[in-house]
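**Student:** Got a structure for you, questions after.
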Amino acid sequence: MDLDDLDLALLRLLLEEPRAGYREYARVLGVARGTVQARIARLERRGAITGYAAHVSPAALGYTVQAFVHLHLAQGRLDDVTERLGQLPEVLEAHSTTGEGDLLCRIAALDNGHLEQIVQALLALPGVVRTRTEVALRGRVPYRVLPLLQQVKPT
């Protein structure tokens, strides 16, 4: 994707000050509000901006245990299992992977007993052969994109 200096500056502002608004972005960047609006719309259409949402802590909702569960699947069951994972509210995200396992899921649980129930539910899904679970002790580096954005050279 071709991103010029204005695109990169706008993306940086969206990440650093997500609630500022188009008028403030325009003021900071020294461009018209319509320019900001048009650029954001273009970045959305091209898939550079994938959504807008508040980041809510699962722990604030009572889900104090976070774990990563590797799922090993029967051949040809990836789509079926993925669809069923989307129906489980404790599955925060799932990624197909190379290496050990076929899917890596990030799970939120109320406590260790609840985590065990979730893992048992995952094992009961048709197509799941086995799991391997790792409990996260503490988050060290949160999800972030800004450092990548700072590495991108404008085109």
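Going by the structure tokens order, chains are called A, B, ..., each with residues numbered from 1, while ligands are numbered from 1 in the order shown.
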Quick one: everything within 7 Å of Thr133 in chain A, counting only C-alpha atoms, minus sequence neighbours fewer than 5 positions away in the same chain. Send it as a list of chain:residue names.

**Tutor:**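 Here the answer would be A:Ala67, A:Phe68, A:Val69, A:His70.
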
**Student:** Save out the residues we just selected, N, CA and C atoms, as a short mmCIF file (atom, residue, chain, number, x, y, z; two decimals), in the first residue's frame.

**Tutor:**
```cif
data_model
loop_
_atom_site.label_atom_id
_atom_site.label_comp_id
_atom_site.auth_asym_id
_atom_site.auth_seq_id
_atom_site.Cartn_x
_atom_site.Cartn_y
_atom_site.Cartn_z
N ALA A 67 -4.99 -17.03 28.94
CA ALA A 67 -4.20 -18.19 28.53
C ALA A 67 -4.14 -18.25 27.01
N PHE A 68 -3.13 -18.97 26.54
CA PHE A 68 -2.98 -19.24 25.12
C PHE A 68 -3.12 -20.75 24.95
N VAL A 69 -4.05 -21.14 24.10
CA VAL A 69 -4.33 -22.55 23.89
C VAL A 69 -4.02 -22.90 22.44
N HIS A 70 -3.11 -23.87 22.28
CA HIS A 70 -2.78 -24.40 20.95
C HIS A 70 -3.75 -25.54 20.68
#
```

**Student:** Name the residues in contact with Tyr22 in chain A at a cut-off of 9 Å, using only C-alpha atoms, excluding same-chain residues fewer than 5 positions from it; report them as a list in words.

**Tutor:** Arg27, Arg33, Gly34, Val36 and Gln37 of chain A

**Student:** Just write the chosen residues, all heavy atoms, as a tab-separated table (two decimals), in the first residue's frame.

**Tutor:**
```tsv
chain	number	residue	atom	x	y	z
A	27	ARG	N	-6.24	20.46	12.31
A	27	ARG	CA	-5.47	21.57	12.90
A	27	ARG	C	-4.02	21.17	13.10
A	27	ARG	O	-3.10	21.90	12.70
A	27	ARG	CB	-6.08	21.98	14.24
A	27	ARG	CG	-5.42	23.22	14.85
A	27	ARG	CD	-5.86	23.46	16.28
A	27	ARG	NE	-5.37	22.43	17.20
A	27	ARG	CZ	-4.10	22.32	17.63
A	27	ARG	NH1	-3.17	23.16	17.19
A	27	ARG	NH2	-3.74	21.37	18.47
A	33	ARG	N	-10.27	20.06	7.06
A	33	ARG	CA	-11.01	18.96	7.67
A	33	ARG	C	-11.48	17.96	6.61
A	33	ARG	O	-11.43	16.75	6.81
A	33	ARG	CB	-12.21	19.51	8.44
A	33	ARG	CG	-13.00	18.45	9.16
A	33	ARG	CD	-14.21	19.10	9.88
A	33	ARG	NE	-14.99	18.11	10.57
A	33	ARG	CZ	-15.90	17.34	9.99
A	33	ARG	NH1	-16.15	17.44	8.70
A	33	ARG	NH2	-16.59	16.46	10.70
A	34	GLY	N	-11.90	18.46	5.46
A	34	GLY	CA	-12.33	17.60	4.36
A	34	GLY	C	-11.20	16.70	3.86
A	34	GLY	O	-11.45	15.55	3.46
A	36	VAL	N	-8.75	15.54	5.74
A	36	VAL	CA	-8.62	14.49	6.75
A	36	VAL	C	-9.70	13.45	6.56
A	36	VAL	O	-9.43	12.24	6.56
A	36	VAL	CB	-8.67	15.09	8.18
A	36	VAL	CG1	-8.87	14.01	9.23
A	36	VAL	CG2	-7.43	15.91	8.46
A	37	GLN	N	-10.92	13.90	6.37
A	37	GLN	CA	-12.05	12.99	6.19
A	37	GLN	C	-11.85	12.11	4.95
A	37	GLN	O	-12.06	10.90	5.00
A	37	GLN	CB	-13.34	13.79	6.09
A	37	GLN	CG	-14.58	12.96	6.20
A	37	GLN	CD	-15.81	13.84	6.37
A	37	GLN	OE1	-15.73	15.07	6.44
A	37	GLN	NE2	-16.96	13.21	6.43
```

**Student:** Mind checking DSSP for chain A and telling me the alpha helix (DSSP H) residues as a PyMOL selection string?

**Tutor:** chain A and resi 5-16+22-29+33-45+78-85+112-123+146-151

**Student:** Name the closest residue to Gly113 in chain A among the candidates A:Tyr143, A:Tyr25, A:Tyr52, A:Tyr63; distances are taken between atoms, counting only C-alpha atoms.

**Tutor:** A:Tyr63

**Student:** Can you tell me which residues surround Gln75 in chain A at a distance of at most 10 Å, considering only C-alpha atoms, apart from same-chain residues fewer than 3 positions away, and format the answer as a list in words?

**Tutor:**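 Once the adjacent positions are removed, what remains is His72, Leu78, Asp102, Gly127, Val128 and Val129 of chain A.
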
**Student:** I need the residues from that last selection saved to file as an mmCIF file, in the first residue's frame (with C-alpha atoms), if you can.

**Tutor:**
```cif
data_model
loop_
_atom_site.group_PDB
_atom_site.id
_atom_site.type_symbol
_atom_site.label_atom_id
_atom_site.label_comp_id
_atom_site.auth_asym_id
_atom_site.auth_seq_id
_atom_site.Cartn_x
_atom_site.Cartn_y
_atom_site.Cartn_z
ATOM 1 C CA HIS A 72 -4.303 -29.604 17.157
ATOM 2 C CA LEU A 78 -9.953 -25.868 10.260
ATOM 3 C CA ASP A 102 -2.967 -25.629 13.918
ATOM 4 C CA GLY A 127 -12.248 -31.815 14.855
ATOM 5 C CA VAL A 128 -10.106 -30.888 17.878
ATOM 6 C CA VAL A 129 -7.657 -33.717 18.566
#
```

**Student:** For range 6-21 of chain A, find every residue with an atom within 9 Å (counting only C-alpha atoms), except residues of its own chain fewer than 6 positions away, and show them as a list of chain:residue names.

**Tutor:**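 Here the qualifying residues turn out to be A:Val28, A:Leu29, A:Val36, A:Arg39, A:Ile40, A:Leu43, A:Ala48, A:Ile49, A:Tyr52, A:Val145, A:Leu146, A:Leu149, A:Gln150, A:Val152, A:Lys153, A:Pro154.
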
**Student:** Quick one: contact table of range 17-122 of chain A to range 138-142 of chain A, 12 Å max, nearest atom pair and distance in Å to one decimal per residue, counting only C-alpha atoms, chain and number order, as CSV?

**Tutor:**
```
residue,atom,partner,partner_atom,distance
A:His55,CA,A:Pro142,CA,11.0
A:Ser57,CA,A:Pro142,CA,11.4
A:Ala59,CA,A:Arg138,CA,11.5
A:Thr64,CA,A:Arg138,CA,10.4
A:Val65,CA,A:Arg138,CA,9.5
A:Gln66,CA,A:Arg138,CA,8.7
A:Ala67,CA,A:Arg138,CA,10.4
```

**Student:** Only N, CA, C and O atoms, please: the residues just picked out, written as a tab-separated table (two decimals), in the first residue's frame.

**Tutor:**
```tsv
chain	number	residue	atom	x	y	z
A	55	HIS	N	-10.42	-0.15	23.91
A	55	HIS	CA	-9.74	-1.36	24.37
A	55	HIS	C	-10.20	-1.61	25.81
A	55	HIS	O	-9.89	-0.82	26.69
A	57	SER	N	-10.31	-4.01	29.13
A	57	SER	CA	-9.56	-5.05	29.82
A	57	SER	C	-10.47	-6.19	30.24
A	57	SER	O	-11.44	-5.95	30.98
A	59	ALA	N	-9.81	-8.30	32.46
A	59	ALA	CA	-9.70	-8.34	33.92
A	59	ALA	C	-10.70	-7.40	34.58
A	59	ALA	O	-11.25	-7.71	35.64
A	64	THR	N	-9.88	-12.63	34.98
A	64	THR	CA	-8.52	-12.31	35.44
A	64	THR	C	-7.46	-13.28	34.94
A	64	THR	O	-6.27	-13.01	35.09
A	65	VAL	N	-7.86	-14.41	34.36
A	65	VAL	CA	-6.89	-15.39	33.85
A	65	VAL	C	-6.88	-15.28	32.33
A	65	VAL	O	-7.93	-15.32	31.68
A	66	GLN	N	-5.70	-15.15	31.79
A	66	GLN	CA	-5.53	-15.14	30.34
A	66	GLN	C	-4.61	-16.30	29.97
A	66	GLN	O	-3.60	-16.54	30.63
A	67	ALA	N	-4.99	-17.03	28.94
A	67	ALA	CA	-4.20	-18.19	28.53
A	67	ALA	C	-4.14	-18.25	27.01
A	67	ALA	O	-4.98	-17.68	26.31
```

**Student:** Can you tell me which residues surround His95 in chain A at a distance of at most 12 Å, considering only C-alpha atoms, apart from same-chain residues fewer than 3 positions away, and format the answer as JSON, numbers by chain?

**Tutor:** {"A": [68, 69, 70, 71, 78, 79, 81, 82, 85, 86, 91, 92, 98, 101, 102, 103, 104, 105, 106]}

**Student:** Could you tell me, as a count of residues only, which residues of range 17-155 of chain A DSSP assigns to strand (DSSP E) when given the backbone?

**Tutor:** 31

**Student:** How far is it from CA of Gly76 in chain A to CA of Leu125 in chain A, in Å with one decimal?

**Tutor:**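 Atom-to-atom, CA of Gly76 in chain A and CA of Leu125 in chain A are spaced 13.9 Å apart.
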
**Student:** Could you please determine the separation between CA of Leu110 in chain A and CA of Leu123 in chain A in Å, to one decimal place?

**Tutor:**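 Spanning CA of Leu110 in chain A to CA of Leu123 in chain A is a straight-line distance of 18.8 Å.
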
**Student:** Hey, which of A:Gly47, A:Thr155, A:Ala108, A:Thr35 ends up closest to Ala60 in chain A? Count only C-alpha atoms.

**Tutor:**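 Among the listed residues, the smallest separation from Ala60 in chain A belongs to A:Ala108.
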
**Student:** Mind giving me the straight-line distance from CA of Ser96 in chain A to CA of Arg45 in chain A in Å, one decimal?

**Tutor:** 25.2 Å
